[in-house]
$ cat input.csv   # CSV, C-alpha atoms
chain,number,residue,atom,x,y,z
Z,1,MET,CA,-42.9,-39.1,27.3
Z,2,ALA,CA,-41.8,-41.3,30.1
Z,3,ASP,CA,-39.0,-40.4,32.4
Z,4,THR,CA,-37.0,-43.4,31.2
Z,5,ASP,CA,-36.8,-42.1,27.6
Z,6,TYR,CA,-33.4,-40.7,26.9
Z,7,MET,CA,-32.9,-38.5,23.9
Z,8,LEU,CA,-29.6,-37.3,22.6
Z,9,TYR,CA,-29.6,-33.9,21.0
Z,10,LYS,CA,-26.8,-32.8,18.8
Z,11,ARG,CA,-25.8,-29.3,18.3
Z,12,ILE,CA,-27.0,-28.3,14.9
Z,13,ILE,CA,-24.5,-26.5,12.8
Z,14,SER,CA,-25.8,-23.2,11.4
Z,15,LYS,CA,-27.2,-23.3,7.9
Z,16,ARG,CA,-26.0,-19.7,7.4
Z,17,MET,CA,-22.6,-18.5,6.3
Z,18,SER,CA,-20.1,-17.4,8.9
Z,19,VAL,CA,-20.1,-13.6,9.2
Z,20,GLY,CA,-16.3,-13.5,9.5
Z,21,ALA,CA,-15.8,-15.7,6.5
Z,22,THR,CA,-18.2,-13.6,4.5
Z,23,ILE,CA,-16.5,-10.4,5.4
Z,24,LEU,CA,-13.1,-11.9,4.6
Z,25,ALA,CA,-14.4,-13.2,1.2
Z,26,SER,CA,-15.8,-9.7,0.3
Z,27,PHE,CA,-12.5,-8.1,1.2
Z,28,LEU,CA,-10.6,-10.6,-1.0
Z,29,VAL,CA,-13.0,-9.8,-3.9
Z,30,LEU,CA,-12.3,-6.1,-3.6
Z,31,ILE,CA,-8.6,-6.7,-3.6
Z,32,GLU,CA,-8.9,-8.9,-6.7
Z,33,LEU,CA,-10.9,-6.3,-8.5
Z,34,ALA,CA,-8.3,-3.7,-7.7
Z,35,LEU,CA,-5.5,-6.0,-9.0
Z,36,LEU,CA,-7.3,-6.9,-12.2
Z,37,PHE,CA,-8.6,-3.6,-13.3
Z,38,SER,CA,-5.8,-1.2,-12.3
Z,39,ARG,CA,-3.1,-0.1,-14.7
Z,40,PRO,CA,-0.5,-2.8,-15.0
Z,41,SER,CA,2.9,-2.1,-13.5
Z,42,PHE,CA,6.1,-3.7,-14.8
Z,43,GLY,CA,9.0,-5.1,-12.9
Z,44,PHE,CA,12.4,-6.4,-14.1
Z,45,ALA,CA,14.2,-9.5,-12.9
Z,46,GLY,CA,17.5,-9.9,-14.7
Z,47,HIS,CA,16.8,-9.8,-18.4
Z,48,THR,CA,13.1,-10.5,-18.2
Z,49,TYR,CA,10.2,-8.3,-17.2
Z,50,TYR,CA,6.9,-9.3,-15.6
Z,51,VAL,CA,3.6,-7.6,-14.8
Z,52,SER,CA,3.3,-7.6,-11.0
Z,53,GLN,CA,-0.6,-7.6,-11.0
Z,54,GLY,CA,-0.6,-10.8,-13.1
Z,55,VAL,CA,1.6,-12.5,-10.6
Z,56,ALA,CA,-0.5,-11.3,-7.6
Z,57,ALA,CA,-3.8,-12.0,-9.3
Z,58,PHE,CA,-2.9,-15.6,-10.1
Z,59,ALA,CA,-1.4,-16.0,-6.6
Z,60,MET,CA,-4.8,-14.9,-5.1
Z,61,LEU,CA,-6.7,-17.3,-7.4
Z,62,ILE,CA,-4.7,-20.3,-6.4
Z,63,GLY,CA,-4.8,-19.2,-2.7
Z,64,ALA,CA,-8.6,-19.1,-3.0
Z,65,LEU,CA,-8.6,-22.5,-4.5
Z,66,PHE,CA,-6.4,-23.9,-1.7
Z,67,TRP,CA,-8.7,-22.2,0.9
Z,68,ALA,CA,-11.8,-23.7,-0.5
Z,69,ILE,CA,-10.1,-27.2,-0.5
Z,70,ALA,CA,-9.0,-26.7,3.1
Z,71,GLU,CA,-12.5,-25.7,4.2
Z,72,MET,CA,-14.0,-28.7,2.4
Z,73,PHE,CA,-11.7,-31.3,4.1
Z,74,THR,CA,-11.8,-29.9,7.7
Z,75,PRO,CA,-14.5,-30.0,10.3
Z,76,ALA,CA,-16.9,-27.1,10.6
Z,77,GLY,CA,-15.2,-24.0,12.0
Z,78,ARG,CA,-17.0,-22.1,14.8
Z,79,THR,CA,-14.2,-19.8,16.0
Z,80,PHE,CA,-12.2,-16.9,14.6
Z,81,TRP,CA,-9.0,-18.9,15.1
Z,82,ALA,CA,-10.3,-21.8,13.0
Z,83,LEU,CA,-11.0,-19.4,10.2
Z,84,ALA,CA,-7.7,-17.5,10.5
Z,85,SER,CA,-5.5,-20.6,10.7
Z,86,ARG,CA,-7.1,-22.3,7.7
Z,87,PHE,CA,-7.1,-19.1,5.7
Z,88,ILE,CA,-3.5,-18.1,6.5
Z,89,VAL,CA,-2.0,-21.5,5.8
Z,90,ALA,CA,-4.0,-22.1,2.6
Z,91,PHE,CA,-3.2,-18.6,1.2
Z,92,LEU,CA,0.5,-18.9,2.0
Z,93,ILE,CA,0.9,-22.2,0.3
Z,94,GLY,CA,-1.5,-21.3,-2.6
Z,95,GLY,CA,0.0,-17.8,-2.9
Z,96,ILE,CA,3.5,-19.1,-3.3
Z,97,PHE,CA,2.5,-21.8,-5.8
Z,98,GLY,CA,0.1,-19.4,-7.7
Z,99,GLY,CA,2.8,-16.6,-7.8
Z,100,ILE,CA,5.2,-19.0,-9.5
Z,101,VAL,CA,2.6,-20.2,-12.0
Z,102,GLY,CA,1.5,-16.6,-12.7
Z,103,SER,CA,5.1,-15.5,-13.3
Z,104,VAL,CA,5.9,-18.5,-15.5
Z,105,SER,CA,2.7,-18.3,-17.5
Z,106,ASP,CA,2.9,-14.6,-18.3
Z,107,PHE,CA,-0.7,-14.1,-17.3
Z,108,GLY,CA,-0.2,-10.3,-16.8
Z,109,GLN,CA,1.5,-9.8,-20.1
Z,110,LEU,CA,-0.9,-11.9,-22.1
Z,111,VAL,CA,-4.2,-10.8,-20.4
Z,112,LEU,CA,-3.9,-7.8,-18.2
Z,113,VAL,CA,-1.9,-5.6,-20.6
Z,114,PRO,CA,-4.3,-6.2,-23.6
Z,115,ALA,CA,-7.3,-5.7,-21.3
Z,116,SER,CA,-6.0,-2.3,-20.1
Z,117,ASN,CA,-5.5,-1.3,-23.7
Z,118,GLY,CA,-9.2,-2.0,-24.5
Z,119,ASN,CA,-9.1,-5.5,-26.1
Z,120,GLY,CA,-12.6,-6.8,-25.7
Z,121,LEU,CA,-11.7,-10.5,-25.6
Z,122,ALA,CA,-9.1,-9.9,-22.9
Z,123,ILE,CA,-11.7,-7.9,-20.9
Z,124,PHE,CA,-14.2,-10.8,-21.3
Z,125,MET,CA,-11.5,-13.2,-20.1
Z,126,LEU,CA,-10.9,-11.0,-17.0
Z,127,LEU,CA,-14.6,-11.0,-16.2
Z,128,GLY,CA,-14.6,-14.8,-16.5
Z,129,TYR,CA,-11.5,-15.0,-14.3
Z,130,LEU,CA,-13.1,-12.7,-11.8
Z,131,TRP,CA,-16.3,-14.9,-11.8
Z,132,VAL,CA,-14.3,-18.0,-11.0
Z,133,PHE,CA,-12.4,-16.2,-8.2
Z,134,ILE,CA,-15.7,-15.0,-6.7
Z,135,VAL,CA,-17.2,-18.5,-6.8
Z,136,LEU,CA,-14.1,-20.0,-5.2
Z,137,VAL,CA,-13.9,-17.4,-2.4
Z,138,TYR,CA,-17.6,-17.5,-1.5
Z,139,SER,CA,-17.6,-21.3,-1.7
Z,140,GLY,CA,-14.8,-21.3,0.8
Z,141,ALA,CA,-16.7,-18.9,3.0
Z,142,TRP,CA,-19.8,-21.0,2.8
Z,143,MET,CA,-18.0,-24.3,3.5
Z,144,HIS,CA,-16.4,-22.8,6.7
Z,145,ALA,CA,-19.5,-23.7,8.8
Z,146,LYS,CA,-20.3,-27.0,7.1
Z,147,ASN,CA,-19.1,-30.6,7.5
Z,148,PHE,CA,-18.4,-32.5,4.3
Z,149,VAL,CA,-16.1,-35.3,5.4
Z,150,LYS,CA,-17.5,-38.0,7.7
Z,151,ARG,CA,-15.2,-38.7,10.5
Z,152,GLY,CA,-14.7,-42.1,12.1
Z,153,GLY,CA,-17.1,-43.0,15.0
Z,154,LYS,CA,-20.5,-41.7,15.7
Z,155,GLN,CA,-21.6,-38.2,14.6

$ encode --input "input.csv" --output "structure tokens"
Amino acid sequence: MADTDYMLYKRIISKRMSVGATILASFLVLIELALLFSRPSFGFAGHTYYVSQGVAAFAMLIGALFWAIAEMFTPAGRTFWALASRFIVAFLIGGIFGGIVGSVSDFGQLVLVPASNGNGLAIFMLLGYLWVFIVLVYSGAWMHAKNFVKRGGKQ
């Protein structure tokens, strides 16, 4: 090559998953497993009762959905603070929205209580719900180190 040739090298984003995001996703899956397959506890609010695990499980599902969406529409994260800020904001917003939806839809009363009593179809639904949660969480962890949205200008 001649000395006049000028080549631009871009920093290649890692093809692997972020270690911090993978550990966070694994921790979330363990929490969701504990919520779904523990004995349901009941709470009372006025004249109605609710299953607290159903509210928390649905809040975590919607939080995972918001986290995956946030990771998809932001640039690749390389630092702990990028992961923490996206995760905390997405889980706060998604957790509030998902908690309301889980409370209104009676997810715990309609699915968790029959599953804890041995209903096979409710257990099958819980396993499907857990599969969707695992896919969402690990998709968010995988997308943390990737760029999906082309920004303006040269890249």

$ atom_distance --input "input.csv" --atom1 "CA of Arg86 in chain Z" --atom2 "CA of Ser18 in chain Z"
13.9 Å

$ closest_atom_pairs --input "input.csv" --of "range 41-97 of chain Z" --to "range 131-155 of chain Z" --cutoff "8 Å" --atoms "all atoms listed in the file" --output "CSV"
residue,atom,partner,partner_atom,distance
Z:Leu61,CA,Z:Phe133,CA,5.9
Z:Ala64,CA,Z:Val137,CA,5.6
Z:Leu65,CA,Z:Leu136,CA,6.1
Z:Trp67,CA,Z:Gly140,CA,6.2
Z:Ala68,CA,Z:Gly140,CA,4.1
Z:Ile69,CA,Z:Gly140,CA,7.7
Z:Glu71,CA,Z:His144,CA,5.5
Z:Met72,CA,Z:Met143,CA,6.0
Z:Phe73,CA,Z:Val149,CA,6.1
Z:Thr74,CA,Z:Val149,CA,7.3
Z:Pro75,CA,Z:Asn147,CA,5.4
Z:Ala76,CA,Z:Ala145,CA,4.6
Z:Gly77,CA,Z:Ala145,CA,5.4
Z:Arg78,CA,Z:Ala145,CA,6.7
Z:Leu83,CA,Z:His144,CA,7.3

$ write_last_selection --input "input.csv" --atoms "C-alpha atoms" --output "mmCIF file, keeping the file's coordinate frame"
data_model
loop_
_atom_site.group_PDB
_atom_site.id
_atom_site.type_symbol
_atom_site.label_atom_id
_atom_site.label_comp_id
_atom_site.auth_asym_id
_atom_site.auth_seq_id
_atom_site.Cartn_x
_atom_site.Cartn_y
_atom_site.Cartn_z
ATOM 1 C CA LEU Z 61 -6.700 -17.300 -7.400
ATOM 2 C CA ALA Z 64 -8.600 -19.100 -3.000
ATOM 3 C CA LEU Z 65 -8.600 -22.500 -4.500
ATOM 4 C CA TRP Z 67 -8.700 -22.200 0.900
ATOM 5 C CA ALA Z 68 -11.800 -23.700 -0.500
ATOM 6 C CA ILE Z 69 -10.100 -27.200 -0.500
ATOM 7 C CA GLU Z 71 -12.500 -25.700 4.200
ATOM 8 C CA MET Z 72 -14.000 -28.700 2.400
ATOM 9 C CA PHE Z 73 -11.700 -31.300 4.100
ATOM 10 C CA THR Z 74 -11.800 -29.900 7.700
ATOM 11 C CA PRO Z 75 -14.500 -30.000 10.300
ATOM 12 C CA ALA Z 76 -16.900 -27.100 10.600
ATOM 13 C CA GLY Z 77 -15.200 -24.000 12.000
ATOM 14 C CA ARG Z 78 -17.000 -22.100 14.800
ATOM 15 C CA LEU Z 83 -11.000 -19.400 10.200
#

$ atom_distance --input "input.csv" --atom1 "CA of Phe107 in chain Z" --atom2 "CA of Arg39 in chain Z"
14.4 Å

$ atom_distance --input "input.csv" --atom1 "CA of Ala57 in chain Z" --atom2 "CA of Ala82 in chain Z"
25.2 Å

$ closest_residue --input "input.csv" --among "Z:Ser105, Z:Ser38, Z:Pro114, Z:Gly128" --to "Tyr50 in chain Z" --atoms "only C-alpha atoms"
Z:Ser105

$ residues_around --input "input.csv" --residues "Met60 in chain Z" --least-positions-apart "6" --cutoff "9 Å" --atoms "only C-alpha atoms" --output "ChimeraX atom specification"
/Z:28,32,91,94-95,98-99,133

$ closest_residue --input "input.csv" --among "Z:Val51, Z:Ile23, Z:Met17, Z:Ala34" --to "Leu130 in chain Z" --atoms "only C-alpha atoms"
Z:Ala34

$ closest_residue --input "input.csv" --among "Z:Val113, Z:Leu24, Z:Leu30, Z:Val101" --to "Val55 in chain Z" --atoms "only C-alpha atoms"
Z:Val101

$ residues_around --input "input.csv" --residues "Thr48 in chain Z" --least-positions-apart "5" --cutoff "12 Å" --atoms "only C-alpha atoms" --output "PDB file with C-alpha atoms, in the coordinates of the input"
ATOM      1  CA  PHE Z  42       6.100  -3.700 -14.800  1.00  0.00           C
ATOM      2  CA  GLY Z  43       9.000  -5.100 -12.900  1.00  0.00           C
ATOM      3  CA  SER Z 103       5.100 -15.500 -13.300  1.00  0.00           C
ATOM      4  CA  VAL Z 104       5.900 -18.500 -15.500  1.00  0.00           C
ATOM      5  CA  ASP Z 106       2.900 -14.600 -18.300  1.00  0.00           C
ATOM      6  CA  GLN Z 109       1.500  -9.800 -20.100  1.00  0.00           C
TER       7      GLN Z 109
END

$ closest_residue --input "input.csv" --among "Z:Leu36, Z:Val29, Z:Ala21, Z:Ala90" --to "Val111 in chain Z" --atoms "only C-alpha atoms"
Z:Leu36

$ build_atoms --input "input.csv" --residues "range 115-149 of chain Z" --atoms "N, CA and C atoms" --output "mmCIF file, keeping the file's coordinate frame"
data_model
loop_
_atom_site.group_PDB
_atom_site.id
_atom_site.type_symbol
_atom_site.label_atom_id
_atom_site.label_comp_id
_atom_site.auth_asym_id
_atom_site.auth_seq_id
_atom_site.Cartn_x
_atom_site.Cartn_y
_atom_site.Cartn_z
ATOM 1 N N ALA Z 115 -6.069 -6.123 -21.869
ATOM 2 C CA ALA Z 115 -7.300 -5.700 -21.300
ATOM 3 C C ALA Z 115 -7.244 -4.182 -20.917
ATOM 4 N N SER Z 116 -6.092 -3.746 -20.409
ATOM 5 C CA SER Z 116 -6.000 -2.300 -20.100
ATOM 6 C C SER Z 116 -5.890 -1.450 -21.310
ATOM 7 N N ASN Z 117 -5.532 -2.029 -22.457
ATOM 8 C CA ASN Z 117 -5.500 -1.300 -23.700
ATOM 9 C C ASN Z 117 -6.852 -1.359 -24.457
ATOM 10 N N GLY Z 118 -7.845 -2.041 -23.883
ATOM 11 C CA GLY Z 118 -9.200 -2.000 -24.500
ATOM 12 C C GLY Z 118 -9.532 -3.237 -25.311
ATOM 13 N N ASN Z 119 -8.771 -4.300 -25.295
ATOM 14 C CA ASN Z 119 -9.100 -5.500 -26.100
ATOM 15 C C ASN Z 119 -10.322 -6.167 -25.451
ATOM 16 N N GLY Z 120 -11.379 -6.297 -26.221
ATOM 17 C CA GLY Z 120 -12.600 -6.800 -25.700
ATOM 18 C C GLY Z 120 -12.571 -8.262 -25.262
ATOM 19 N N LEU Z 121 -11.844 -9.092 -25.989
ATOM 20 C CA LEU Z 121 -11.700 -10.500 -25.600
ATOM 21 C C LEU Z 121 -10.928 -10.652 -24.296
ATOM 22 N N ALA Z 122 -9.912 -9.832 -24.109
ATOM 23 C CA ALA Z 122 -9.100 -9.900 -22.900
ATOM 24 C C ALA Z 122 -10.000 -9.404 -21.692
ATOM 25 N N ILE Z 123 -10.832 -8.397 -21.911
ATOM 26 C CA ILE Z 123 -11.700 -7.900 -20.900
ATOM 27 C C ILE Z 123 -12.747 -9.028 -20.514
ATOM 28 N N PHE Z 124 -13.260 -9.711 -21.537
ATOM 29 C CA PHE Z 124 -14.200 -10.800 -21.300
ATOM 30 C C PHE Z 124 -13.498 -11.940 -20.510
ATOM 31 N N MET Z 125 -12.241 -12.218 -20.825
ATOM 32 C CA MET Z 125 -11.500 -13.200 -20.100
ATOM 33 C C MET Z 125 -11.291 -12.803 -18.632
ATOM 34 N N LEU Z 126 -11.012 -11.515 -18.412
ATOM 35 C CA LEU Z 126 -10.900 -11.000 -17.000
ATOM 36 C C LEU Z 126 -12.158 -11.135 -16.256
ATOM 37 N N LEU Z 127 -13.277 -10.863 -16.907
ATOM 38 C CA LEU Z 127 -14.600 -11.000 -16.200
ATOM 39 C C LEU Z 127 -14.845 -12.464 -15.874
ATOM 40 N N GLY Z 128 -14.486 -13.386 -16.761
ATOM 41 C CA GLY Z 128 -14.600 -14.800 -16.500
ATOM 42 C C GLY Z 128 -13.692 -15.241 -15.334
ATOM 43 N N TYR Z 129 -12.475 -14.729 -15.357
ATOM 44 C CA TYR Z 129 -11.500 -15.000 -14.300
ATOM 45 C C TYR Z 129 -12.028 -14.486 -12.954
ATOM 46 N N LEU Z 130 -12.591 -13.275 -12.970
ATOM 47 C CA LEU Z 130 -13.100 -12.700 -11.800
ATOM 48 C C LEU Z 130 -14.324 -13.520 -11.247
ATOM 49 N N TRP Z 131 -15.160 -14.025 -12.155
ATOM 50 C CA TRP Z 131 -16.300 -14.900 -11.800
ATOM 51 C C TRP Z 131 -15.816 -16.149 -11.086
ATOM 52 N N VAL Z 132 -14.800 -16.785 -11.640
ATOM 53 C CA VAL Z 132 -14.300 -18.000 -11.000
ATOM 54 C C VAL Z 132 -13.688 -17.691 -9.654
ATOM 55 N N PHE Z 133 -13.000 -16.559 -9.524
ATOM 56 C CA PHE Z 133 -12.400 -16.200 -8.200
ATOM 57 C C PHE Z 133 -13.557 -15.944 -7.202
ATOM 58 N N ILE Z 134 -14.616 -15.248 -7.598
ATOM 59 C CA ILE Z 134 -15.700 -15.000 -6.700
ATOM 60 C C ILE Z 134 -16.386 -16.292 -6.241
ATOM 61 N N VAL Z 135 -16.588 -17.210 -7.172
ATOM 62 C CA VAL Z 135 -17.200 -18.500 -6.800
ATOM 63 C C VAL Z 135 -16.300 -19.271 -5.858
ATOM 64 N N LEU Z 136 -14.993 -19.287 -6.086
ATOM 65 C CA LEU Z 136 -14.100 -20.000 -5.200
ATOM 66 C C LEU Z 136 -14.066 -19.399 -3.794
ATOM 67 N N VAL Z 137 -13.996 -18.079 -3.720
ATOM 68 C CA VAL Z 137 -13.900 -17.400 -2.400
ATOM 69 C C VAL Z 137 -15.167 -17.577 -1.611
ATOM 70 N N TYR Z 138 -16.312 -17.352 -2.242
ATOM 71 C CA TYR Z 138 -17.600 -17.500 -1.500
ATOM 72 C C TYR Z 138 -17.913 -18.946 -1.222
ATOM 73 N N SER Z 139 -17.414 -19.868 -2.026
ATOM 74 C CA SER Z 139 -17.600 -21.300 -1.700
ATOM 75 C C SER Z 139 -16.770 -21.641 -0.450
ATOM 76 N N GLY Z 140 -15.559 -21.114 -0.364
ATOM 77 C CA GLY Z 140 -14.800 -21.300 0.800
ATOM 78 C C GLY Z 140 -15.418 -20.730 2.070
ATOM 79 N N ALA Z 141 -15.999 -19.546 1.921
ATOM 80 C CA ALA Z 141 -16.700 -18.900 3.000
ATOM 81 C C ALA Z 141 -17.927 -19.699 3.446
ATOM 82 N N TRP Z 142 -18.640 -20.224 2.477
ATOM 83 C CA TRP Z 142 -19.800 -21.000 2.800
ATOM 84 C C TRP Z 142 -19.492 -22.333 3.435
ATOM 85 N N MET Z 143 -18.387 -22.960 2.975
ATOM 86 C CA MET Z 143 -18.000 -24.300 3.500
ATOM 87 C C MET Z 143 -17.383 -24.166 4.899
ATOM 88 N N HIS Z 144 -17.073 -22.954 5.360
ATOM 89 C CA HIS Z 144 -16.400 -22.800 6.700
ATOM 90 C C HIS Z 144 -17.296 -23.356 7.797
ATOM 91 N N ALA Z 145 -18.598 -23.226 7.692
ATOM 92 C CA ALA Z 145 -19.500 -23.700 8.800
ATOM 93 C C ALA Z 145 -20.152 -25.008 8.478
ATOM 94 N N LYS Z 146 -19.639 -25.762 7.529
ATOM 95 C CA LYS Z 146 -20.300 -27.000 7.100
ATOM 96 C C LYS Z 146 -19.280 -28.187 7.309
ATOM 97 N N ASN Z 147 -19.826 -29.370 7.507
ATOM 98 C CA ASN Z 147 -19.100 -30.600 7.500
ATOM 99 C C ASN Z 147 -19.319 -31.361 6.226
ATOM 100 N N PHE Z 148 -18.252 -31.753 5.539
ATOM 101 C CA PHE Z 148 -18.400 -32.500 4.300
ATOM 102 C C PHE Z 148 -17.765 -33.883 4.388
ATOM 103 N N VAL Z 149 -16.818 -34.070 5.276
ATOM 104 C CA VAL Z 149 -16.100 -35.300 5.400
ATOM 105 C C VAL Z 149 -16.592 -36.012 6.664
#
